[in-house]
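Q: Here it is, the structure in full.
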Amino acid sequence: MKKILFVYRGQFQKKIMGIAPDFKNMPTEFLYGMNFFDKEKFKIDYIIAPRTEKRKGIRKLAWILEFPFARISKIGLPSEIYSIYKDKLNQADYIFCVNDQTSLGILFAKLIGKLKKQKVFCIIMSLPERIKYFRWCWPVRWFINAMLKKADLLLTLSNFVQKNFIKDFRLNAQKVKTFYFGTDLNFWRPIDIEKQNFILSIGNDMNRDYQTLVKALPENIHLKIVSRKKINILNKNIEILSDISDEQLRKLYNQCLFVVIPSIKLKNESSGLSCALQAMACKNPVIISHIPAIAEIFEENKHCLFYTPENPEDLRKKIITLYSDSNLRTTLANNVYDCVQKYSAKSMAKQLEHFIEAY
């Protein structure tokens with residue numbers, strides 16, 4: 001039986017494992033399919049590397065490397081992961097790193113001669129976009145390239161990003177494949193609740209562009225934003241919510257007329273994808289920034305409405321169009337609900353199982 005180890009470094013996973021280790025009554029998409037693996041074929045384990053906890057010991061020492069690296073690249077490098085979890089890591093046959101930070105942390109261990117027998121698969125999210133911060137810095141580019149070449153398989157979130165990633169980092173195309181992110185359809189689902197007269201926006205990541213949304217918002221529309229980010233609401237009819245439960249968020253998805261997910265102009269990052277999938281799984285229409293990686297998955301005017309990033313006039317037109325046309329909202333909701341069924345947490349497990357068999 002093959003031993004699979006997932007490497008996480010986030011509060012989502014810690015929350016799930018701490019509150020609902022049986023994976024019930026909580027969304028599990030940020031486990032990246034771990035809970036849907038075939039337990040008769042694979043022995044599954046995981047680690048959750050520290051991130052926000054107070055640094056001490058080896059983590060304090062590793063910060064000497066991570067701090068300047070993160071300042072330049074805008075990506076963390078938790079090089080201490082191997083030292084802390086070497087027993088579990090060395091017992092695994094396959095190691096799945098679920099984001100850029102854990103990927104670089106594990107690949108650093110391989111670069112210095114560790115984990116020689118283990119196959120390391122890395123899900124790459126932000127690195128293809130963040131190259132704009134260090135493209136000019138050859139030592140950092142060389143260092144990252146050296147780590148990436150130690151991976152057995154690199155997984156990007158779209159075919160579009162895959163091509164750019166291979167080109168920008170001069171990678172072996174045979175070692176880079178596309179992995180489509182999914183959502184937990186068991187949790188994010190339509191519920192029988194009455195619609196209310198408001199629209200919804202959500203997200204905390206560095207690419208979220210709420211100021212464009214605020215500028216675009218018509219005076220007569222009530223907007224609720226679920227975020228911890230500081231937002232200047234310009235005296236508009238906007239309500240800021242934070243620290244709400246997943247159940248409360250699911251209720252909001254089902255109550256609102258539609259969801260708007262604004263992002264800055266991006267080329268290679270899928271900002272807002274997880275929130276869009278959650279809303280769509282709740283059978284709600286979505287307006288989202290036109291991002292190539294997301295436009296690869298969803299068709300405009302059939303599954304969602306796209307707007308030009310950082311363009312409040314275009315976003316305003318799309319908001320007014322969708323707000324005033326209930327038939328369009330129904331059509332988009334029905335179409336995207338059918339489409340999103342293939343982008344599930346279970347489908348992520350199937351994809352990863354396929355890669356294990358292929359490699």
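Chain labels A, B, ... are given in the sequence in which chains occur in the structure tokens; within each chain residues are numbered consecutively from 1, and ligands are likewise numbered from 1 in the order shown.
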Residues near Lys150 in chain A, anyone? I mean within 7 Å using only C-alpha atoms, not counting same-chain ones fewer than 2 positions away, as a list in words.
A: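 Selected residues are Leu107, Lys110, Leu111, Ala146, Met147, Leu148 and Asp152 of chain A.
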Q: Generate the output file for the selected residues, C-alpha atoms, as a compact mmCIF listing (two decimals), in the first residue's frame.
A:
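This is the output file result.txt:
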# COMPACT_ATOMS: atom_id res chain seq x y z
CA LEU A 107 11.97 21.15 -2.27
CA LYS A 110 15.53 17.85 -1.51
CA LEU A 111 17.99 20.46 -2.76
CA ALA A 146 17.03 24.94 -8.52
CA MET A 147 14.30 23.97 -6.03
CA LEU A 148 11.59 23.54 -8.66
CA ASP A 152 8.87 15.03 -9.48
Q: Among range 173-285 of chain A, which ones does DSSP assign to strand (DSSP E or B) (computed from the backbone)? Answer as a list in words.
A: Val176, Lys177, Thr178, Thr183, Ile199, Leu200, Ser201, Ile202, Arg208, Leu223, Lys224, Ile225, Val226, Ile238, Glu239, Ile240, Leu241, Val259, Val260, Ile261 and Ser263 of chain A
Q: I'd like to know which residues of range 114-199 of chain A are alpha helix (DSSP H) (by DSSP, run on the backbone); could you write them as a ChimeraX atom specification?
A: /A:127-134,138-148,159-169
Q: Give me the residues within 9 Å of Arg228 in chain A as a PyMOL selection string, counting only C-alpha atoms and dropping any in the same chain fewer than 6 places off.
A: chain A and resi 203-204+240-243
Q: Using N, CA and C atoms, can you export the residues from the last selection as an mmCIF file, in the first residue's frame?
A:
data_model
loop_
_atom_site.group_PDB
_atom_site.id
_atom_site.type_symbol
_atom_site.label_atom_id
_atom_site.label_comp_id
_atom_site.auth_asym_id
_atom_site.auth_seq_id
_atom_site.Cartn_x
_atom_site.Cartn_y
_atom_site.Cartn_z
ATOM 1 N N GLY A 203 -13.637 37.719 0.427
ATOM 2 C CA GLY A 203 -12.233 37.391 0.181
ATOM 3 C C GLY A 203 -11.266 38.255 0.969
ATOM 4 N N ASN A 204 -10.086 37.689 1.250
ATOM 5 C CA ASN A 204 -9.068 38.386 2.036
ATOM 6 C C ASN A 204 -7.711 38.468 1.345
ATOM 7 N N ILE A 240 -19.890 45.645 6.181
ATOM 8 C CA ILE A 240 -18.682 44.818 6.274
ATOM 9 C C ILE A 240 -18.888 43.760 7.353
ATOM 10 N N LEU A 241 -18.692 42.502 6.988
ATOM 11 C CA LEU A 241 -18.821 41.388 7.925
ATOM 12 C C LEU A 241 -17.475 40.671 8.038
ATOM 13 N N SER A 242 -17.185 40.153 9.216
ATOM 14 C CA SER A 242 -15.957 39.368 9.392
ATOM 15 C C SER A 242 -16.185 38.330 10.484
ATOM 16 N N ASP A 243 -15.297 37.351 10.510
ATOM 17 C CA ASP A 243 -15.352 36.294 11.535
ATOM 18 C C ASP A 243 -16.717 35.603 11.583
#
Q: Would you mind telling me which residue in A:Phe69, A:Ile75, A:Gln174, A:Ile191 lies nearest to Phe143 in chain A when using only C-alpha atoms?
A: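 Nearest candidate to Phe143 in chain A out of A:Phe69, A:Ile75, A:Gln174, A:Ile191: A:Phe69.
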Q: Give me, as a PDB file with N, CA and C atoms, in the first residue's frame, all polymer residues having an atom no more than 8 Å from Asn164 in chain A, counting only C-alpha atoms and skipping those fewer than 3 positions away in the same chain.
A:
ATOM      1  N   PRO A 128       3.777  31.535 -10.371  1.00  0.00           N
ATOM      2  CA  PRO A 128       3.832  32.052 -11.748  1.00  0.00           C
ATOM      3  C   PRO A 128       3.503  33.546 -11.849  1.00  0.00           C
ATOM      4  N   PHE A 160      -3.361  27.444 -19.275  1.00  0.00           N
ATOM      5  CA  PHE A 160      -2.780  28.739 -19.604  1.00  0.00           C
ATOM      6  C   PHE A 160      -1.577  29.017 -18.707  1.00  0.00           C
ATOM      7  N   VAL A 161      -1.752  28.830 -17.407  1.00  0.00           N
ATOM      8  CA  VAL A 161      -0.665  29.084 -16.463  1.00  0.00           C
ATOM      9  C   VAL A 161       0.457  28.071 -16.654  1.00  0.00           C
ATOM     10  N   LYS A 167       7.650  28.262 -19.440  1.00  0.00           N
ATOM     11  CA  LYS A 167       8.482  29.220 -20.165  1.00  0.00           C
ATOM     12  C   LYS A 167       9.272  30.120 -19.217  1.00  0.00           C
ATOM     13  N   ASP A 168       8.595  30.700 -18.225  1.00  0.00           N
ATOM     14  CA  ASP A 168       9.242  31.667 -17.338  1.00  0.00           C
ATOM     15  C   ASP A 168      10.317  31.041 -16.455  1.00  0.00           C
ATOM     16  N   ASN A 268      -1.379  35.180 -14.222  1.00  0.00           N
ATOM     17  CA  ASN A 268      -1.127  33.757 -13.962  1.00  0.00           C
ATOM     18  C   ASN A 268      -1.638  33.257 -12.616  1.00  0.00           C
TER      19      ASN A 268
END
Q: Rounded to one decimal place, report the CA of His290 in chain A-CA of Phe134 in chain A distance in Å.
A: 24.6 Å
Q: What does the structure give for the distance between CA of Leu61 in chain A and CA of Gly76 in chain A, in Å to one decimal?
A: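 Computed distance, CA of Leu61 in chain A to CA of Gly76 in chain A, equals 14.5 Å.
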Q: Tell me which protein, DNA and RNA residues are within 8 Å of Gln13 in chain A, counting only C-alpha atoms, leaving out same-chain ones fewer than 4 positions away, and put them as a PyMOL selection string.
A: chain A and resi 8-9+17+30-31+48
Q: Check the smallest atom-to-atom distance from each of A:Leu157, A:Glu29, A:Trp63, A:Ile131 to Leu277 in chain A using only C-alpha atoms, then report the winner.
A: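 Answer, going by the shortest atom-to-atom distance: A:Glu29.
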Q: Write out as a list in words each polymer residue whose atoms come within 10 Å of Lys251 in chain A, counting only C-alpha atoms; drop sequence neighbours fewer than 6 positions from it.
A: Trp188, Arg189, Pro190, Ile191, Asp192, Ile193, Ser245 and Cys282 of chain A
Q: Could you please determine the separation between CA of Phe42 in chain A and CA of Ser158 in chain A in Å, to one decimal place?
A: 26.5 Å
Q: Neighbours of Val226 in chain A within 12 Å (only C-alpha atoms; same-chain residues fewer than 5 positions away dropped), as JSON, numbers by chain?
A: {"A": [199, 200, 201, 202, 203, 204, 205, 208, 210, 231, 238, 239, 240, 241, 242, 243, 244, 245, 246, 248, 249, 250, 252, 253, 259, 260, 261, 275]}
Q: Could the residues in this selection be written to a file with C-alpha atoms, as an mmCIF file, in the first residue's frame?
A:
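Below is the file again_37.cif, written as the result:
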data_model
loop_
_atom_site.group_PDB
_atom_site.id
_atom_site.type_symbol
_atom_site.label_atom_id
_atom_site.label_comp_id
_atom_site.auth_asym_id
_atom_site.auth_seq_id
_atom_site.Cartn_x
_atom_site.Cartn_y
_atom_site.Cartn_z
ATOM 1 C CA ILE A 199 -25.356 41.399 -3.362
ATOM 2 C CA LEU A 200 -22.333 39.751 -1.786
ATOM 3 C CA SER A 201 -18.563 39.927 -2.089
ATOM 4 C CA ILE A 202 -15.972 37.912 -0.190
ATOM 5 C CA GLY A 203 -12.233 37.391 0.181
ATOM 6 C CA ASN A 204 -9.068 38.386 2.036
ATOM 7 C CA ASP A 205 -6.204 37.720 -0.362
ATOM 8 C CA ARG A 208 -8.780 41.411 -3.894
ATOM 9 C CA TYR A 210 -12.597 46.123 -3.169
ATOM 10 C CA ILE A 231 -12.113 49.004 2.982
ATOM 11 C CA ILE A 238 -22.134 48.694 2.256
ATOM 12 C CA GLU A 239 -22.025 46.357 5.243
ATOM 13 C CA ILE A 240 -18.682 44.818 6.274
ATOM 14 C CA LEU A 241 -18.821 41.388 7.925
ATOM 15 C CA SER A 242 -15.957 39.368 9.392
ATOM 16 C CA ASP A 243 -15.352 36.294 11.535
ATOM 17 C CA ILE A 244 -18.526 34.573 10.399
ATOM 18 C CA SER A 245 -18.930 30.802 10.392
ATOM 19 C CA ASP A 246 -18.960 28.622 7.285
ATOM 20 C CA GLN A 248 -23.361 31.667 8.018
ATOM 21 C CA LEU A 249 -21.413 32.180 4.805
ATOM 22 C CA ARG A 250 -23.348 29.407 3.078
ATOM 23 C CA LEU A 252 -25.340 34.439 2.716
ATOM 24 C CA TYR A 253 -24.450 32.756 -0.599
ATOM 25 C CA VAL A 259 -21.828 37.425 -5.877
ATOM 26 C CA VAL A 260 -19.138 39.829 -7.081
ATOM 27 C CA ILE A 261 -15.479 38.802 -6.770
ATOM 28 C CA CYS A 275 -15.005 31.773 -3.549
#
Q: Tell me, counting only C-alpha atoms, for each residue of range 316-341 of chain A within 12 Å of range 211-214 of chain A, which pair of atoms is nearest and how far apart they are in Å to one decimal, in rows ordered by chain and increasing number, as a tab-separated table.
A:
residue	atom	partner	partner_atom	distance
A:Arg316	CA	A:Leu213	CA	8.1
A:Lys317	CA	A:Leu213	CA	11.6
A:Lys318	CA	A:Leu213	CA	11.2
A:Ile319	CA	A:Leu213	CA	9.7
Q: Please save C-alpha atoms of the selected residues as a PDB file, in the first residue's frame.
A:
ATOM      1  CA  ARG A 316     -20.858  48.957 -12.733  1.00  0.00           C
ATOM      2  CA  LYS A 317     -22.458  48.011 -16.062  1.00  0.00           C
ATOM      3  CA  LYS A 318     -22.245  44.311 -15.218  1.00  0.00           C
ATOM      4  CA  ILE A 319     -23.720  44.858 -11.747  1.00  0.00           C
TER       5      ILE A 319
END
Q: Which residues of range 149-266 of chain A come within 7 Å of range 298-312 of chain A, and what is each one's closest atom pair and distance in Å (one decimal), counting only C-alpha atoms, sorted by chain and residue number, as CSV?
A:
residue,atom,partner,partner_atom,distance
A:Thr212,CA,A:Pro312,CA,5.2
A:Leu213,CA,A:Pro312,CA,6.6
A:Lys215,CA,A:Pro312,CA,6.0
A:Ala216,CA,A:Pro312,CA,4.6
A:Ser263,CA,A:Pro309,CA,6.4
A:Ile264,CA,A:Pro309,CA,5.6
A:Lys265,CA,A:Pro309,CA,5.1
Q: Can those selected residues be exported to a file as a PDB file, in the first residue's frame so that it contains C-alpha atoms?
A:
ATOM      1  CA  THR A 212     -12.944  49.182  -7.627  1.00  0.00           C
ATOM      2  CA  LEU A 213     -16.099  47.436  -6.416  1.00  0.00           C
ATOM      3  CA  LYS A 215     -16.524  52.864  -6.827  1.00  0.00           C
ATOM      4  CA  ALA A 216     -18.628  50.734  -9.192  1.00  0.00           C
ATOM      5  CA  SER A 263      -9.463  41.268  -8.281  1.00  0.00           C
ATOM      6  CA  ILE A 264      -6.634  43.381  -9.576  1.00  0.00           C
ATOM      7  CA  LYS A 265      -5.303  42.695 -13.062  1.00  0.00           C
TER       8      LYS A 265
END
Q: Rank A:Ile4, A:Leu332, A:Ala173, A:Val140 by their smallest atom-to-atom distance to Leu65 in chain A, using only C-alpha atoms, and report the top residue only.
A: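 For Leu65 in chain A, the nearest of the given residues is A:Val140.
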